[in-house]
>>> print(open('model00.txt').read())   # compact mmCIF, C-alpha atoms
# COMPACT_ATOMS: atom_id res chain seq x y z
CA MET Y 28 -71.30 164.72 -2.07
CA THR Y 29 -72.76 161.32 -1.26
CA VAL Y 30 -70.80 158.80 0.80
CA TRP Y 31 -71.72 155.13 0.90
CA ILE Y 32 -70.58 153.06 3.86
CA ASP Y 33 -71.18 149.32 4.16
CA LEU Y 34 -70.88 147.91 7.65
CA PHE Y 35 -71.18 144.27 8.66
CA HIS Y 36 -72.18 143.58 12.22
CA LYS Y 37 -72.67 140.26 13.94
CA ASP Y 38 -75.23 140.44 16.73
CA GLU Y 39 -74.35 138.15 19.65
CA GLY Y 40 -77.95 138.12 20.88
CA PRO Y 41 -80.30 135.11 20.74
CA GLN Y 42 -80.98 135.41 17.02
CA LEU Y 43 -77.30 135.37 15.99
CA LEU Y 44 -78.02 137.33 12.84
CA LYS Y 45 -75.37 138.87 10.68
CA PHE Y 46 -76.68 142.26 9.66
CA ARG Y 47 -75.81 144.55 6.81
CA HIS Y 48 -76.09 148.25 7.49
CA ILE Y 49 -76.16 150.62 4.55
CA PHE Y 50 -75.80 154.29 5.36
CA PHE Y 51 -76.69 157.02 2.91
CA ILE Y 52 -74.87 160.12 4.09
CA HIS Y 53 -75.61 163.19 2.02
CA ARG Y 54 -73.71 166.43 2.22
CA GLN Y 55 -74.61 169.35 -0.04
CA ARG Y 56 -73.47 172.85 0.81
CA SER Y 57 -75.68 174.78 -1.64
CA ASN Y 58 -78.72 176.61 -0.26
CA PRO Y 59 -77.63 176.38 3.40
CA VAL Y 60 -80.23 176.83 6.11
CA ASP Y 61 -79.85 178.06 9.67
CA SER Y 62 -81.05 174.92 11.46
CA ILE Y 63 -78.58 172.33 10.14
CA SER Y 64 -75.60 170.61 11.64
CA ASN Y 65 -72.16 171.90 10.67
CA SER Y 66 -68.60 171.01 11.44
CA SER Y 67 -67.84 174.24 13.33
CA ASN Y 68 -70.23 173.52 16.21
CA PRO Y 69 -70.87 170.31 18.14
CA LEU Y 70 -73.99 168.40 17.18
CA ILE Y 71 -76.63 168.94 19.86
CA LEU Y 72 -79.69 166.93 18.84
CA ALA Y 73 -80.41 163.89 16.67
CA VAL Y 74 -84.05 163.18 15.84
CA VAL Y 75 -84.36 159.42 15.24
CA ILE Y 76 -87.39 158.38 13.20
CA PRO Y 77 -88.03 154.68 12.43
CA THR Y 78 -89.88 154.20 9.14
CA PHE Y 79 -91.64 151.51 7.16
CA ASN Y 80 -93.74 152.56 4.18
CA GLU Y 81 -93.83 156.24 5.17
CA ALA Y 82 -92.85 157.81 1.83
CA GLY Y 83 -95.90 160.07 1.92
CA ASN Y 84 -95.04 161.56 5.32
CA VAL Y 85 -91.28 162.10 5.55
CA ALA Y 86 -91.14 165.31 3.46
CA VAL Y 87 -93.94 166.95 5.45
CA LEU Y 88 -92.32 165.91 8.71
CA MET Y 89 -88.96 167.31 7.63
CA GLU Y 90 -90.53 170.69 6.89
CA LYS Y 91 -92.13 170.71 10.34
CA LEU Y 92 -88.85 169.82 12.04
CA HIS Y 93 -87.00 172.51 10.10
CA ARG Y 94 -89.42 175.15 11.36
CA VAL Y 95 -89.42 174.21 15.06
CA LEU Y 96 -85.68 173.47 15.39
CA ASN Y 97 -84.43 176.64 13.74
CA GLY Y 98 -81.26 177.78 15.52
CA VAL Y 99 -80.44 174.33 16.92
CA ASN Y 100 -77.49 172.33 15.60
CA TRP Y 101 -79.38 169.12 14.79
CA GLU Y 102 -79.77 166.24 12.37
CA VAL Y 103 -82.52 163.78 11.53
CA ILE Y 104 -81.91 160.07 11.03
CA PHE Y 105 -84.59 158.08 9.24
CA VAL Y 106 -84.06 154.40 10.07
CA ASP Y 107 -85.87 152.55 7.33
CA ASP Y 108 -86.61 148.82 7.34
CA ASP Y 109 -86.20 148.48 3.57
CA SER Y 110 -89.65 149.91 2.78
CA PRO Y 111 -91.10 148.70 -0.54
CA ASP Y 112 -92.82 152.06 -1.09
CA GLY Y 113 -89.51 153.85 -1.68
CA THR Y 114 -89.23 155.68 1.65
CA CYS Y 115 -85.44 155.53 1.44
CA SER Y 116 -85.43 157.13 -2.03
CA THR Y 117 -87.67 159.90 -0.76
CA VAL Y 118 -85.27 160.57 2.11
CA ARG Y 119 -82.37 160.71 -0.35
CA ASP Y 120 -84.24 163.38 -2.29
CA LEU Y 121 -84.70 165.32 0.94
CA ALA Y 122 -80.97 165.09 1.62
CA ALA Y 123 -80.34 167.04 -1.59
CA ARG Y 124 -82.12 169.98 0.06
CA TYR Y 125 -81.13 169.45 3.69
CA PRO Y 126 -77.55 168.39 4.48
CA ASN Y 127 -78.59 167.30 8.00
CA VAL Y 128 -80.74 164.44 6.68
CA ARG Y 129 -79.48 160.85 6.89
CA CYS Y 130 -81.06 157.50 6.11
CA LEU Y 131 -79.99 154.25 7.72
CA ARG Y 132 -81.44 151.46 5.61
CA ARG Y 133 -81.77 148.07 7.30
CA VAL Y 134 -81.98 145.01 5.08
CA GLY Y 135 -83.24 141.66 6.33
CA ARG Y 136 -84.87 142.61 9.63
CA ARG Y 137 -87.55 144.80 11.14
CA GLY Y 138 -88.57 146.24 14.49
CA LEU Y 139 -89.12 149.71 15.87
CA SER Y 140 -87.12 149.25 19.07
CA SER Y 141 -83.97 147.98 17.40
CA ALA Y 142 -84.31 150.63 14.68
CA CYS Y 143 -84.36 153.40 17.29
CA VAL Y 144 -81.31 152.01 19.07
CA GLU Y 145 -79.30 151.69 15.87
CA GLY Y 146 -80.26 155.22 14.86
CA MET Y 147 -79.10 156.62 18.19
CA LEU Y 148 -75.85 154.65 18.05
CA SER Y 149 -75.07 156.05 14.59
CA THR Y 150 -74.86 159.70 15.68
CA ASN Y 151 -72.52 161.85 17.79
CA ALA Y 152 -75.30 164.09 19.10
CA ARG Y 153 -75.51 164.91 22.79
CA PHE Y 154 -79.28 164.35 22.95
CA PHE Y 155 -81.59 161.94 21.11
CA ALA Y 156 -85.25 162.48 20.27
CA VAL Y 157 -87.40 159.55 19.14
CA MET Y 158 -90.67 160.09 17.28
CA ASP Y 159 -92.84 158.42 14.66
CA ALA Y 160 -92.97 159.42 11.00
CA ASP Y 161 -96.77 159.37 10.78
CA LEU Y 162 -97.18 163.03 11.92
CA GLN Y 163 -99.08 161.94 15.06
CA HIS Y 164 -96.43 163.26 17.44
CA ASP Y 165 -96.34 167.01 18.12
CA GLU Y 166 -92.97 168.20 16.86
CA LYS Y 167 -93.56 171.62 18.46
CA LEU Y 168 -92.75 169.98 21.81
CA LEU Y 169 -89.15 169.23 20.79
CA PRO Y 170 -87.62 172.63 21.68
CA GLN Y 171 -89.16 172.47 25.15
CA MET Y 172 -87.89 168.91 25.64
CA LEU Y 173 -84.38 169.98 24.64
CA LYS Y 174 -84.46 173.00 26.95
CA VAL Y 175 -85.41 170.78 29.90
CA LEU Y 176 -82.53 168.35 29.26
CA GLN Y 177 -80.01 171.15 28.77
CA GLN Y 178 -80.77 172.37 32.30
CA ASP Y 179 -79.28 169.13 33.72
CA HIS Y 180 -82.26 168.33 35.97
CA TYR Y 181 -83.63 165.34 34.05
CA ASP Y 182 -82.34 162.31 32.17
CA MET Y 183 -85.36 161.95 29.90
CA VAL Y 184 -88.43 163.91 28.79
CA VAL Y 185 -91.52 162.01 27.65
CA GLY Y 186 -94.42 163.28 25.59
CA SER Y 187 -97.40 162.06 27.61
CA ARG Y 188 -101.00 161.53 26.54
CA TYR Y 189 -102.16 160.66 30.06
CA ILE Y 190 -101.36 163.77 32.07
CA GLU Y 191 -103.39 166.96 32.22
CA GLY Y 192 -103.27 168.71 28.87
CA GLY Y 193 -102.61 165.54 26.88
CA GLY Y 194 -105.00 163.37 24.90
CA LEU Y 195 -105.44 160.28 22.71
CA GLY Y 196 -106.99 162.05 19.75
CA ASP Y 197 -109.55 160.06 17.78
CA TRP Y 198 -108.67 156.60 19.15
CA ASP Y 199 -111.57 154.15 19.27
CA SER Y 200 -112.52 152.37 22.51
CA LYS Y 201 -110.68 149.16 21.60
CA ARG Y 202 -107.37 150.94 21.05
CA GLN Y 203 -107.82 152.96 24.23
CA GLN Y 204 -108.46 149.79 26.24
CA THR Y 205 -105.43 148.06 24.73
CA SER Y 206 -103.22 151.03 25.59
CA TRP Y 207 -104.62 151.15 29.12
CA VAL Y 208 -103.94 147.45 29.72
CA ALA Y 209 -100.38 147.76 28.39
CA THR Y 210 -99.80 150.81 30.58
CA VAL Y 211 -101.05 149.05 33.71
CA LEU Y 212 -98.94 145.97 32.96
CA SER Y 213 -95.82 148.11 32.56
CA GLN Y 214 -96.50 149.93 35.81
CA ARG Y 215 -97.49 146.91 37.92
CA TRP Y 216 -95.36 144.17 36.37
CA LEU Y 217 -92.17 146.09 35.63
CA GLY Y 218 -92.48 148.90 38.17
CA VAL Y 219 -92.45 151.77 35.63
CA SER Y 220 -93.69 154.86 37.47
CA ILE Y 221 -94.46 157.33 34.67
CA ARG Y 222 -98.04 157.87 33.48
CA ASP Y 223 -97.46 157.07 29.80
CA PRO Y 224 -94.82 154.31 29.46
CA MET Y 225 -96.32 153.37 26.07
CA SER Y 226 -95.37 156.71 24.54
CA GLY Y 227 -93.21 156.59 21.43
CA PHE Y 228 -92.32 160.28 21.67
CA PHE Y 229 -89.46 161.19 23.99
CA MET Y 230 -85.98 162.71 24.31
CA LEU Y 231 -83.02 161.46 26.35
CA ARG Y 232 -79.40 162.10 27.13
CA ARG Y 233 -76.67 160.12 25.41
CA GLU Y 234 -75.53 158.83 28.80
CA VAL Y 235 -78.86 157.04 29.29
CA LEU Y 236 -78.35 154.99 26.15
CA ASP Y 237 -74.67 154.33 26.93
CA ASN Y 238 -75.61 152.93 30.34
CA THR Y 239 -78.45 150.71 29.10
CA VAL Y 240 -77.56 149.61 25.59
CA HIS Y 241 -76.10 146.24 26.64
CA ARG Y 242 -79.18 145.47 28.74
CA LEU Y 243 -81.82 146.29 26.12
CA SER Y 244 -84.14 143.60 24.79
CA ASN Y 245 -84.84 145.38 21.46
CA ILE Y 246 -88.16 143.54 21.18
CA GLY Y 247 -91.22 144.98 19.49
CA PHE Y 248 -92.42 148.57 19.44
CA LYS Y 249 -92.01 149.86 22.99
CA ILE Y 250 -88.46 151.11 23.26
CA LEU Y 251 -89.30 153.60 26.04
CA VAL Y 252 -90.25 150.84 28.51
CA ASP Y 253 -87.12 148.92 27.54
CA LEU Y 254 -84.89 151.93 28.22
CA ILE Y 255 -86.46 152.74 31.59
CA VAL Y 256 -86.43 149.16 32.92
CA SER Y 257 -82.92 148.45 31.58
CA SER Y 258 -81.33 151.46 33.27
CA PRO Y 259 -78.97 150.38 36.09
CA GLN Y 260 -80.10 153.36 38.18
CA PRO Y 261 -83.46 155.20 38.45
CA LEU Y 262 -83.96 157.83 35.78
CA LYS Y 263 -85.18 161.36 36.40
CA ILE Y 264 -88.06 161.67 33.95
CA LEU Y 265 -90.31 164.62 33.18
CA GLU Y 266 -93.59 164.13 31.31
CA LEU Y 267 -94.92 166.91 29.08
CA PRO Y 268 -98.48 166.77 27.72
CA PHE Y 269 -99.31 166.42 24.04
CA HIS Y 270 -102.36 165.46 21.99
CA PHE Y 271 -101.93 162.42 19.78
CA GLY Y 272 -102.53 163.46 16.16
CA GLN Y 273 -104.34 161.73 13.33
CA ARG Y 274 -102.61 159.78 10.55
CA THR Y 275 -103.57 161.10 7.11
CA VAL Y 276 -101.19 159.15 4.84
CA GLY Y 277 -100.18 155.48 5.04
CA GLU Y 278 -101.38 152.68 7.28
CA SER Y 279 -100.98 152.00 10.99
CA LYS Y 280 -98.43 149.32 11.92
CA LEU Y 281 -100.38 148.21 15.01
CA ASP Y 282 -101.74 144.67 14.82
CA ASN Y 283 -102.05 141.56 17.00
CA ARG Y 284 -98.33 140.85 16.61
CA VAL Y 285 -97.58 144.11 18.43
CA VAL Y 286 -99.48 142.77 21.43
CA TRP Y 287 -97.48 139.54 21.32
CA ASP Y 288 -94.21 141.46 21.06
CA PHE Y 289 -95.16 143.50 24.10
CA LEU Y 290 -95.89 140.34 26.10
CA MET Y 291 -92.52 138.94 25.03
CA LEU Y 292 -90.87 142.17 26.19
CA LEU Y 293 -92.50 141.77 29.59
CA MET Y 294 -91.30 138.17 29.78
CA ASP Y 295 -87.78 139.08 28.67
CA LYS Y 296 -87.51 141.76 31.34
CA THR Y 297 -88.55 139.32 34.06
CA VAL Y 298 -87.16 135.87 33.15
CA GLY Y 299 -85.17 136.64 30.00
CA ARG Y 300 -81.87 136.35 31.86
CA TYR Y 301 -82.64 132.67 32.48
CA VAL Y 302 -84.62 131.58 29.40
CA PRO Y 303 -84.29 133.01 25.85
CA VAL Y 304 -87.47 134.88 24.96
CA GLN Y 305 -87.66 133.10 21.60
CA LEU Y 306 -87.77 129.76 23.40
CA LEU Y 307 -90.51 131.12 25.66
CA SER Y 308 -92.53 132.12 22.63
CA PHE Y 309 -92.03 128.70 21.07
CA GLY Y 310 -93.05 126.98 24.30
CA LEU Y 311 -96.17 129.10 24.84
CA ILE Y 312 -97.34 128.38 21.30
CA GLY Y 313 -96.61 124.70 21.86
CA SER Y 314 -98.79 124.78 25.00
CA ALA Y 315 -101.63 126.28 22.98
CA GLY Y 316 -101.05 123.51 20.43
CA VAL Y 317 -101.68 120.91 23.14
CA LEU Y 318 -105.11 122.42 23.75
CA VAL Y 319 -105.83 122.38 20.01
CA HIS Y 320 -104.77 118.73 19.93
CA LEU Y 321 -107.19 117.81 22.73
CA VAL Y 322 -110.08 119.71 21.13
CA VAL Y 323 -109.58 118.05 17.75
CA LEU Y 324 -109.16 114.66 19.41
CA SER Y 325 -112.40 115.04 21.36
CA ILE Y 326 -114.26 116.04 18.20
CA GLY Y 327 -112.74 113.11 16.31
CA MET Y 328 -113.74 110.65 19.01
CA ALA Y 329 -117.28 111.99 18.96
CA LEU Y 330 -117.47 111.48 15.19
CA PHE Y 331 -115.44 108.26 14.94
CA THR Y 332 -116.00 106.45 18.25
CA ASP Y 333 -114.27 103.25 17.20
CA PHE Y 334 -111.39 104.85 15.30
CA PHE Y 335 -109.05 106.36 17.90
CA LEU Y 336 -106.07 106.11 15.55
CA VAL Y 337 -107.84 108.24 12.93
CA ALA Y 338 -108.85 110.87 15.50
CA GLN Y 339 -105.39 110.93 17.07
CA THR Y 340 -103.68 111.30 13.69
CA ALA Y 341 -105.97 114.17 12.73
CA ALA Y 342 -105.31 115.88 16.06
CA VAL Y 343 -101.53 115.56 15.62
CA ILE Y 344 -101.62 117.01 12.10
CA VAL Y 345 -103.92 119.91 13.01
CA SER Y 346 -101.90 120.84 16.11
CA MET Y 347 -98.63 120.75 14.13
CA VAL Y 348 -100.08 123.04 11.45
CA PHE Y 349 -101.41 125.33 14.18
CA ASN Y 350 -98.00 125.53 15.86
CA PHE Y 351 -96.25 126.17 12.57
CA ILE Y 352 -98.60 129.00 11.57
CA LEU Y 353 -98.24 130.81 14.90
CA ASN Y 354 -94.48 130.35 15.12
CA ASN Y 355 -94.09 131.61 11.57
CA ALA Y 356 -96.21 134.68 12.35
CA LEU Y 357 -94.93 135.46 15.86
CA THR Y 358 -91.78 133.68 17.07
CA TYR Y 359 -89.97 134.02 13.74
CA ARG Y 360 -91.80 137.01 12.30
CA ASP Y 361 -88.57 138.57 11.01
CA GLN Y 362 -87.85 135.35 9.08
CA ARG Y 363 -91.44 134.72 8.07
CA LEU Y 364 -91.87 132.15 5.30
CA GLN Y 365 -94.13 132.92 2.37
CA ALA Y 366 -95.37 131.34 -0.86
CA TRP Y 367 -93.59 128.06 -1.71
CA ALA Y 368 -91.18 128.48 1.22
CA TRP Y 369 -94.21 128.31 3.55
CA TRP Y 370 -95.18 124.82 2.33
CA SER Y 371 -91.60 123.62 2.38
CA GLY Y 372 -91.23 124.97 5.91
CA LEU Y 373 -94.41 123.24 7.04
CA PHE Y 374 -93.13 119.90 5.78
CA LYS Y 375 -89.79 120.34 7.55
CA PHE Y 376 -91.54 121.50 10.72
CA MET Y 377 -93.78 118.43 10.84
CA LEU Y 378 -90.83 116.14 10.11
CA ALA Y 379 -88.76 117.69 12.91
CA CYS Y 380 -91.67 117.55 15.36
CA ALA Y 381 -92.28 113.90 14.50
CA VAL Y 382 -88.73 113.13 15.56
CA GLY Y 383 -89.30 115.23 18.68
CA ALA Y 384 -92.42 113.22 19.51
CA ALA Y 385 -90.43 109.98 19.18
CA ALA Y 386 -87.73 111.41 21.47
CA ASN Y 387 -90.41 112.46 23.94
CA VAL Y 388 -91.87 108.94 24.14
CA GLY Y 389 -88.46 107.26 24.22
CA VAL Y 390 -87.06 109.39 27.06
CA ALA Y 391 -90.26 109.20 29.10
CA SER Y 392 -90.44 105.41 28.73
CA TYR Y 393 -86.78 104.98 29.70
CA ILE Y 394 -87.08 107.13 32.83
CA TYR Y 395 -90.35 105.49 33.84
CA GLY Y 396 -88.80 102.05 33.52
CA ASP Y 397 -85.84 103.12 35.62
CA VAL Y 398 -87.49 105.40 38.23
CA GLY Y 399 -91.17 104.55 38.09
CA TYR Y 400 -92.69 108.01 38.63
CA TRP Y 401 -94.90 108.63 35.59
CA VAL Y 402 -95.38 112.39 36.19
CA TRP Y 403 -91.66 113.13 36.29
CA SER Y 404 -91.07 110.74 33.40
CA ALA Y 405 -93.68 112.52 31.28
CA LEU Y 406 -92.27 115.97 32.15
CA ALA Y 407 -88.77 114.85 31.21
CA GLY Y 408 -90.04 113.53 27.90
CA ILE Y 409 -91.88 116.78 27.21
CA LEU Y 410 -88.78 118.84 28.02
CA VAL Y 411 -86.62 116.80 25.65
CA GLY Y 412 -89.27 117.00 22.94
CA VAL Y 413 -89.64 120.78 23.25
CA MET Y 414 -85.91 121.42 23.21
CA TRP Y 415 -85.46 119.17 20.17
CA ASN Y 416 -88.35 120.80 18.31
CA TYR Y 417 -87.05 124.29 19.08
CA ALA Y 418 -83.47 123.57 18.05
CA ALA Y 419 -84.34 121.48 14.99
CA THR Y 420 -86.92 123.88 13.56
CA ALA Y 421 -84.65 126.89 14.20
CA ILE Y 422 -82.03 125.20 12.04
CA LEU Y 423 -84.17 123.49 9.39
CA VAL Y 424 -87.23 125.73 9.06
CA TRP Y 425 -86.16 129.22 10.08
CA PRO Y 426 -82.35 129.27 9.73
CA GLN Y 427 -80.79 132.47 11.00
CA ARG Y 428 -79.13 133.36 7.72
CA ARG Y 429 -81.94 132.36 5.39
CA ARG Y 430 -81.82 133.97 1.95
CA SER Y 431 -84.98 135.39 0.46
>>> encode(input="model00.txt", output="structure tokens")
Amino acid sequence: MTVWIDLFHKDEGPQLLKFRHIFFIHRQRSNPVDSISNSSNPLILAVVIPTFNEAGNVAVLMEKLHRVLNGVNWEVIFVDDDSPDGTCSTVRDLAARYPNVRCLRRVGRRGLSSACVEGMLSTNARFFAVMDADLQHDEKLLPQMLKVLQQDHYDMVVGSRYIEGGGLGDWDSKRQQTSWVATVLSQRWLGVSIRDPMSGFFMLRREVLDNTVHRLSNIGFKILVDLIVSSPQPLKILELPFHFGQRTVGESKLDNRVVWDFLMLLMDKTVGRYVPVQLLSFGLIGSAGVLVHLVVLSIGMALFTDFFLVAQTAAVIVSMVFNFILNNALTYRDQRLQAWAWWSGLFKFMLACAVGAAANVGVASYIYGDVGYWVWSALAGILVGVMWNYAATAILVWPQRRRS
């Protein structure tokens, strides 16, 4: 039997999105296996696996999980961000063979952290395991993780690549350095004490999620750091070694935007209670745009010494385009504009920022005429301009409920 449930949820976070959750819940009692959940016993473990374009891996992973979790009352929840490669359809086919398989399909948004949280919230299991679908996490560690948590000594068990017995596999030097920097930042900046806070392979008690869920940032790919830092009390964490495997099917999701998301997570965990992280992202990109403006202006003045207006106009246009491109790729990545919508968005962005520039000059001039301190006048004008640009472009260029 297949049950379809449509749920509408309005997130009260900074993005104010109205989400549509579609659950595919499959129940087939033919060909029962020993390691599936059933109604006669309480559900012990839910393995939450976020997916995007992992159709070639989910069947192999399911077979591996079935072997190692034999005898455990468990289920697996694939949280798919509407993969174009048909990952959700593949999971539905798996559900015809395994009644403990579920797929939570998310339409209109992406993100590993939020996918993991929604997967954990959708189950009644006592313990949650989080792992990737790319077969790089060692599923044979799951029974040992579960045994540790069932002994009531720890709140969380983390698969660690940085303790004795663990390893990074075939990572190149650049990826190793990036991981090392992120690890050090998490430990020094946020006070995370474990050796591998960047791990995406871990298991936790339901109580840990219940106590932290309202504090989570749900930004980017590093849900483990978010859970640890958001906990109202210190967590008892055990790290178990594992060797990071090699992806054989599909493509890695790691890119420069992952780095930006991690930086935004760090900012949100430090000053996010005072300033929305999306506004921080918009402001940082705007600051970089100022530098671009000055560089273009200096080049223009070198080429056209007697034509300041021409150089200034070119600098304004280039910096606006620069800001738009980065905001479209980073700040509003989940609402990223493409094709004709990109050009339309650029026009609206430049129009809104032109009004913001006029507001900047007007406010600064008014305060300077009244108070006389040019530094404070300029800062006030900049603040008004930034706030206008952020609010106007969020409404006109990247509206929260934009249709594809």
>>> closest_residue(input="model00.txt", among="Y:Thr340, Y:Asn238, Y:Thr420, Y:Thr358", to="Y:Gly372", atoms="all atoms listed in the file")
Y:Thr420
>>> residues_around(input="model00.txt", residues="stretch 103-111 of chain Y", least_positions_apart="5", cutoff="7 Å", atoms="all atoms listed in the file", output="PyMOL selection string")
chain Y and resi 73-80+127-134+136-137+142+146
>>> residues_around(input="model00.txt", residues="Y:Ile352", least_positions_apart="3", cutoff="12 Å", atoms="only C-alpha atoms", output="list in words")
Phe309, Ile312, Gly313, Gly316, Val345, Ser346, Met347, Val348, Phe349, Asn355, Ala356, Leu357, Thr358, Tyr359, Arg360, Arg363, Leu364, Gln365, Trp369, Trp370, Gly372, Leu373, Phe376 and Met377 of chain Y
>>> closest_residue(input="model00.txt", among="Y:Gly192, Y:Gly218, Y:Gly272, Y:Gly383", to="Y:Ser257", atoms="all atoms listed in the file")
Y:Gly218
>>> residues_around(input="model00.txt", residues="Y:Val304", least_positions_apart="4", cutoff="12 Å", atoms="all atoms listed in the file", output="PyMOL selection string")
chain Y and resi 40-42+244-246+287-300+308-311+357-359
>>> write_last_selection(input="model00.txt", atoms="C-alpha atoms", output="PDB file, keeping the file's coordinate frame")
ATOM      1  CA  GLY Y  40     -77.950 138.120  20.880  1.00  0.00           C
ATOM      2  CA  PRO Y  41     -80.300 135.110  20.740  1.00  0.00           C
ATOM      3  CA  GLN Y  42     -80.980 135.410  17.020  1.00  0.00           C
ATOM      4  CA  SER Y 244     -84.140 143.600  24.790  1.00  0.00           C
ATOM      5  CA  ASN Y 245     -84.840 145.380  21.460  1.00  0.00           C
ATOM      6  CA  ILE Y 246     -88.160 143.540  21.180  1.00  0.00           C
ATOM      7  CA  TRP Y 287     -97.480 139.540  21.320  1.00  0.00           C
ATOM      8  CA  ASP Y 288     -94.210 141.460  21.060  1.00  0.00           C
ATOM      9  CA  PHE Y 289     -95.160 143.500  24.100  1.00  0.00           C
ATOM     10  CA  LEU Y 290     -95.890 140.340  26.100  1.00  0.00           C
ATOM     11  CA  MET Y 291     -92.520 138.940  25.030  1.00  0.00           C
ATOM     12  CA  LEU Y 292     -90.870 142.170  26.190  1.00  0.00           C
ATOM     13  CA  LEU Y 293     -92.500 141.770  29.590  1.00  0.00           C
ATOM     14  CA  MET Y 294     -91.300 138.170  29.780  1.00  0.00           C
ATOM     15  CA  ASP Y 295     -87.780 139.080  28.670  1.00  0.00           C
ATOM     16  CA  LYS Y 296     -87.510 141.760  31.340  1.00  0.00           C
ATOM     17  CA  THR Y 297     -88.550 139.320  34.060  1.00  0.00           C
ATOM     18  CA  VAL Y 298     -87.160 135.870  33.150  1.00  0.00           C
ATOM     19  CA  GLY Y 299     -85.170 136.640  30.000  1.00  0.00           C
ATOM     20  CA  ARG Y 300     -81.870 136.350  31.860  1.00  0.00           C
ATOM     21  CA  SER Y 308     -92.530 132.120  22.630  1.00  0.00           C
ATOM     22  CA  PHE Y 309     -92.030 128.700  21.070  1.00  0.00           C
ATOM     23  CA  GLY Y 310     -93.050 126.980  24.300  1.00  0.00           C
ATOM     24  CA  LEU Y 311     -96.170 129.100  24.840  1.00  0.00           C
ATOM     25  CA  LEU Y 357     -94.930 135.460  15.860  1.00  0.00           C
ATOM     26  CA  THR Y 358     -91.780 133.680  17.070  1.00  0.00           C
ATOM     27  CA  TYR Y 359     -89.970 134.020  13.740  1.00  0.00           C
TER      28      TYR Y 359
END
>>> atom_distance(input="model00.txt", atom1="atom CA of Y:Leu251", atom2="atom CA of Y:Asn100")
24.5 Å
>>> atom_distance(input="model00.txt", atom1="atom CA of Y:Phe248", atom2="atom CA of Y:Leu139")
5.0 Å
>>> atom_distance(input="model00.txt", atom1="atom CA of Y:Trp198", atom2="atom CA of Y:His270")
11.2 Å
>>> residues_around(input="model00.txt", residues="Y:Val286", least_positions_apart="5", cutoff="9 Å", atoms="all atoms listed in the file", output="PyMOL selection string")
chain Y and resi 205+209+247+281+291
>>> residues_around(input="model00.txt", residues="Y:Val382", least_positions_apart="2", cutoff="10 Å", atoms="only C-alpha atoms", output="list in words")
Met377, Leu378, Ala379, Cys380, Ala384, Ala385, Ala386, Asn387, Gly412, Trp415, Asn416 and Ala419 of chain Y
>>> closest_residue(input="model00.txt", among="Y:Leu88, Y:Leu162, Y:Leu307, Y:Ala342", to="Y:Val322", atoms="only C-alpha atoms")
Y:Ala342
